[in-house]
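Below is one structure, written out as structure tokens; the observations come after it.
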Amino acid sequence: MLDAQRDYVLRTVEERGIRLVRLWFTDVLGNLKSFAISPAEMENALNDGMSFDGSSIDGYGRVQEADVLALPDPNTFEVLPWVDSKAAEARVFCDIAQLDGTPFEGDPRQVLKRNLEAARKQGLVFYVAPDIEYFYFAPHNENGRPVPLDEGGFFDLTTTDITSSLRKETIRTLETMSIPVEYSFHEDSPSQHEIDLRHTDALTMADSLMTFRFVVKEIAAMRNVHATFMPKPLEGVQGSGMHLHLSLFKNDLNAFHSASDPYNLSDTAKSFMAGLLRHAAEITAVTNQTVNSYKRLVPGFEAPVHVSWARNNRSGLIRVPVPKRGSELATRIELRSPDPACNPYLAFSVILAAGLRGIAEGYELPSEADANLFEMGDTALTKLGIEQLPQSLNDALRVMESSQLVAEALGEHIFEWFLRNKRAEWRKYKTHVSQFEIDTYLRSL
Amino acid sequence: MTDVGMLAVYPDTPSVELARTLDLSGYTWKGVANADTVGRLAPTTGWVGAVVGCDTDPESGWAMCRSLRKQQHPVQRILVLISGAQIGDLEVRDNLFDDFLLTPFHPRELEARLRHLFFNELTASSATVVEHAGLRLNMETYQATFGGSPLDLTFMEYELLKFFVQHPGRVFSREVLLSDVWGYEYFGGARTVDVHVRRLRAKLGEEHAHLIETVRSVGYRFGASKWSG
């Protein structure tokens, strides 16, 4: 099979007259990295990998040896649809390995593969379908603030057409790149959009999300528009989340489904949810990795604040959507905390690890919290055993630091680098004097 | 692939059951009325095989078999349909048929017998280009085009589409697609098939997405079938 795949890639490079093949991989923070090779190098790359100096990549640097290998995954080979066909280009995702071929511990894709292997050993396949929110802004800022496209001012009445045609073009491009879109619509906030992708296995989905962010930004940039996945770019309106619809499959059967349960949730689903809830605080630094992420996780904007679950309560961390009648394949849970600025490989890794821990230890699912938690006092919440998600990156890092589960899921290398890097980010933020402080204190004090 | 060539079917108005099974299995066929027309209607390369009904009018059925064997390109694969009472007739006519099937027959049995009869053609098929409704797949260069413009596919998408195009009109379950296209060693379950079908439909574009049809609680079919709907 692998030989046939390689053959397929090489023939396509030849037949389609590909001028450049872009090797894509991801750094620890979730930034897409790329270097291009000529088609003549492709066979060599597929057989032996391409070595490069990893020390300049965030989270890749190691003391002993800087060089690493990029091993293209031939099944991810795609011709880039937005490049002129006269000088066609293609991309392929890579696994990063050490020079001796062993997986490189700093590569998020390898980390996810290792975690998926743990599920696979139990016969389980992890499926993910994300709902991704993002904003379109004008290319310039005004008074240091981003300028929405469909709110008067610089752009005229046709701006809604611009953003919806941008979205349409984005979807068309995604679909030609093997990323099917389920729904898309204009979100609540000005200039905010949502695109929901159709479920696929977690590794393909993590790759798809990397492609997705790139495509959204690229298509917008072609029209001189800035697309952003920043979790909370505008104060006072909803931020951008990335709700994840999760399910586990075992031999073609949805392991989350049980016909006899009133919620159609199997014991596996319940323990998985219990695992997510119990370890929610520990994994939050990974699913919400920026200082800004925590400005989204506040009451009043449909973002979760409390570690709870319910069928139809959008203030909780996990929602159990009611699937269409009779569709047991559609039984799933929706994790509502992650934001689209996360590293999908690492986020999926810690989410899966938390859920699998719940299954392995047979965690008991706490009772459903269907009341509006925002209206309840702290004492009432404590009585119910409902805790809050970390309130800041600093809080999240402190919980993550003592988490054996996250350390194991990410591996020591990434675990330590991530904590170091994010603590530095927090220190920088802590010493920053904000406009809020100037406005509030400068004159009054 | 079931596109092995043209089959002669006698009598020229076969039972609905027979016509239906042939169509659903993806065979192309023509009804022949009598020994005179069998030569005239034959495709230039000759009939690749025949299904001859001997159950209602045994005399003319066997005459048809004789005539098929005497064609310019003698027909090599003849399946005869007989009733249980006729088994004794077979004894002296071993030269006139290659396999037989008792009527009333089960469609799955007919399908299995035909597949076995054409096994060599099926496996030896070396066509490098297959086409269907504007889709063109070149097996040698791995390139797919649709209406003349290139269709960029990942390897597994290509393999799945190739399988579909080679078996137009036939319904396949997810399990069969998984084992035939991905191979048994693939771990990921039949849901993988749904994911790839959805991707292929997206790449074919809205107006052609229907080429791969979902057959409820069975699986998928590529290309229209006149028995559907």
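Chain labels A, B, ... are given in the sequence in which chains occur in the structure tokens; within each chain residues are numbered consecutively from 1, and ligands are likewise numbered from 1 in the order shown.
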- Message: Env of range 6-20 of chain B: 7 Å cut, atoms = only C-alpha atoms, seq-sep filter 2 positions within chain, self excluded. Answer as a list in words.
- Response: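 Skipping anything fewer than 2 positions along the chain leaves Leu22, Asp23, Leu24, Thr28, Trp29, Lys30, Gly31, Val32, Ala33, Trp47, Val48, Gly49, Ala50, Val51, Val52 and Gly53 of chain B.
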Save out the residues we just selected, C-alpha atoms, as a PDB file, in the first residue's frame.
ATOM      1  CA  LEU B  22     -27.777  -8.451 -15.078  1.00  0.00           C
ATOM      2  CA  ASP B  23     -28.212  -4.696 -14.841  1.00  0.00           C
ATOM      3  CA  LEU B  24     -27.579  -4.456 -11.141  1.00  0.00           C
ATOM      4  CA  THR B  28     -24.120  -5.030 -20.636  1.00  0.00           C
ATOM      5  CA  TRP B  29     -26.353  -7.280 -22.663  1.00  0.00           C
ATOM      6  CA  LYS B  30     -28.627  -7.522 -25.707  1.00  0.00           C
ATOM      7  CA  GLY B  31     -31.654  -9.724 -26.197  1.00  0.00           C
ATOM      8  CA  VAL B  32     -31.485 -12.005 -29.241  1.00  0.00           C
ATOM      9  CA  ALA B  33     -34.709 -13.346 -30.773  1.00  0.00           C
ATOM     10  CA  TRP B  47     -20.327 -11.911 -27.870  1.00  0.00           C
ATOM     11  CA  VAL B  48     -18.324 -12.326 -24.711  1.00  0.00           C
ATOM     12  CA  GLY B  49     -20.845 -14.786 -23.333  1.00  0.00           C
ATOM     13  CA  ALA B  50     -24.528 -15.687 -23.248  1.00  0.00           C
ATOM     14  CA  VAL B  51     -27.371 -16.454 -20.922  1.00  0.00           C
ATOM     15  CA  VAL B  52     -29.820 -18.796 -22.603  1.00  0.00           C
ATOM     16  CA  GLY B  53     -33.208 -19.699 -21.223  1.00  0.00           C
TER      17      GLY B  53
END
Residues within 12 Å of Asp152 in chain B, please, as a PDB file with C-alpha atoms, in the first residue's frame. Count only C-alpha atoms; anything in the same chain fewer than 6 positions from it doesn't count.
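out07.pdb, freshly written:
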ATOM      1  CA  TYR A   8       0.796   7.725  -6.918  1.00  0.00           C
ATOM      2  CA  VAL A   9       2.419  10.861  -5.534  1.00  0.00           C
ATOM      3  CA  THR A  12       1.030  12.989 -10.003  1.00  0.00           C
ATOM      4  CA  VAL A  13       4.009  15.300  -9.518  1.00  0.00           C
ATOM      5  CA  GLU A  15       1.798  14.353 -14.782  1.00  0.00           C
ATOM      6  CA  ARG A  16       0.537  17.577 -13.281  1.00  0.00           C
ATOM      7  CA  THR A  76      -1.860  13.824   2.598  1.00  0.00           C
ATOM      8  CA  PHE A  77      -0.449  14.851  -0.768  1.00  0.00           C
ATOM      9  CA  GLU A  78      -2.650  17.494  -2.423  1.00  0.00           C
ATOM     10  CA  VAL A  79      -2.244  19.859  -5.334  1.00  0.00           C
ATOM     11  CA  LEU A  80      -2.777  23.416  -4.045  1.00  0.00           C
ATOM     12  CA  PRO A  81      -5.921  24.702  -5.766  1.00  0.00           C
ATOM     13  CA  SER A  85      -1.844  25.611 -12.837  1.00  0.00           C
ATOM     14  CA  ALA A  88       1.444  24.095  -9.999  1.00  0.00           C
ATOM     15  CA  GLU A  89       2.389  23.449  -6.404  1.00  0.00           C
ATOM     16  CA  ALA A  90       1.479  20.685  -3.991  1.00  0.00           C
ATOM     17  CA  THR A 173     -11.263  25.649  -1.810  1.00  0.00           C
ATOM     18  CA  GLU A 175     -13.733  21.005  -0.474  1.00  0.00           C
ATOM     19  CA  THR A 176     -11.250  20.643  -3.316  1.00  0.00           C
ATOM     20  CA  MET A 177      -8.636  19.936  -0.644  1.00  0.00           C
ATOM     21  CA  SER A 178     -10.541  16.983   0.858  1.00  0.00           C
TER      22      SER A 178
ATOM     23  CA  LEU B 137      -9.376   7.705 -15.018  1.00  0.00           C
ATOM     24  CA  TYR B 142      -3.060   7.800 -11.944  1.00  0.00           C
ATOM     25  CA  GLN B 143      -4.653  10.909 -13.379  1.00  0.00           C
ATOM     26  CA  ALA B 144      -8.340  11.668 -13.170  1.00  0.00           C
ATOM     27  CA  THR B 145     -10.178  14.232 -15.234  1.00  0.00           C
ATOM     28  CA  PHE B 146     -13.746  15.345 -15.192  1.00  0.00           C
ATOM     29  CA  TYR B 158      -8.385   7.946  -6.298  1.00  0.00           C
ATOM     30  CA  LEU B 161     -13.212   6.423  -7.338  1.00  0.00           C
ATOM     31  CA  ARG B 199     -14.779  14.014   0.133  1.00  0.00           C
ATOM     32  CA  LEU B 200     -15.175  12.614  -3.373  1.00  0.00           C
ATOM     33  CA  ALA B 202     -17.181  17.498  -2.624  1.00  0.00           C
ATOM     34  CA  LYS B 203     -14.489  17.256  -5.253  1.00  0.00           C
ATOM     35  CA  LEU B 204     -16.906  16.213  -7.991  1.00  0.00           C
TER      36      LEU B 204
END
Quiz item: chain B residues within 9 Å of chain A, counting only C-alpha atoms: which ones, as a VMD selection string?
Solution: chain B and resid 140 to 143 150 to 157 182 to 183 187 to 192 195 to 196 198 to 205
Expressed in Å, the length from CA of Leu384 in chain A to CA of Ala354 in chain A is 21.9 Å
Every residue of range 120-199 of chain B that DSSP places in alpha helix (DSSP H), as a PyMOL selection string: chain B and resi 120-124+155-166+174-177+191-199
Give the strand (DSSP E) residues of range 2-197 of chain B, as DSSP finds them on the backbone, and put them as a PyMOL selection string.
chain B and resi 6-10+28-31+49-53+78-83+99-103+129-132+135-138+143-146+149-151+171-173
Next item on the list: State, in Å with one decimal place, the distance from CA of His73 in chain B to CA of Leu101 in chain B.
Entry: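 Those two atoms sit 24.2 Å apart.
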Need to verify the contact set: Ile333 in chain A, 6 Å, only C-alpha atoms, exclusion of same-chain residues closer than 5 positions in sequence. Can you return it as a ChimeraX atom specification? /A:245-246,320
Emit the selected residues as a tab-separated table (two decimals), in the first residue's frame, including C-alpha atoms.
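Below you can see part-v6.tsv, which holds the result:
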chain	number	residue	atom	x	y	z
A	245	HIS	CA	-17.89	17.14	18.51
A	246	LEU	CA	-16.27	13.96	19.76
A	320	VAL	CA	-24.77	16.32	24.62
| For CA of Val399 in chain A and CA of Arg420 in chain A, the interatomic separation in Å (one decimal) |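 So the answer is 14.1 Å.
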*Show which residues sit within 9 Å of Leu389 in chain A, as a list in words. Count only C-alpha atoms, and ignore same-chain residues fewer than 5 positions away.*
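So the residues in contact are Ala280, Ala281, Thr284, Leu297, Pro304, Val305, His306, Val307, Leu317, Ser337 and Ala396 of chain A.
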- Contacts of Thr331 in chain A at 7 Å (only C-alpha atoms; same-chain gap of 6+ positions) as a list in words: Phe256, His257 and Pro323 of chain A
Review point. Excluding same-chain residues fewer than 4 positions from Val215 in chain B, what lies within 9 Å of it counting only C-alpha atoms, as a list in words?
Key: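 In the requested format, the answer is Val171, Phe172, Ser173, Gly219, Tyr220 and Arg221 of chain B.
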Mind checking which residues fall within 10 Å of Leu209 in chain A, counting only C-alpha atoms, ignoring those fewer than 2 positions away in the same chain, and posting them as a list of chain:residue names?
A:Pro130, A:Ile132, A:Ile179, A:Leu197, A:Leu203, A:Thr204, A:Met205, A:Ala206, A:Asp207, A:Thr211, A:Phe212, A:Arg213, A:Phe214, A:Val215, A:Pro340, A:Asn343, A:Pro344, A:Tyr345
Looking at A:Asp131, A:Glu142, A:Asp188, A:Glu282, which one is nearest to Gly241 in chain A, with distances taken over only C-alpha atoms?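 Answer, going by the shortest atom-to-atom distance: A:Asp131.
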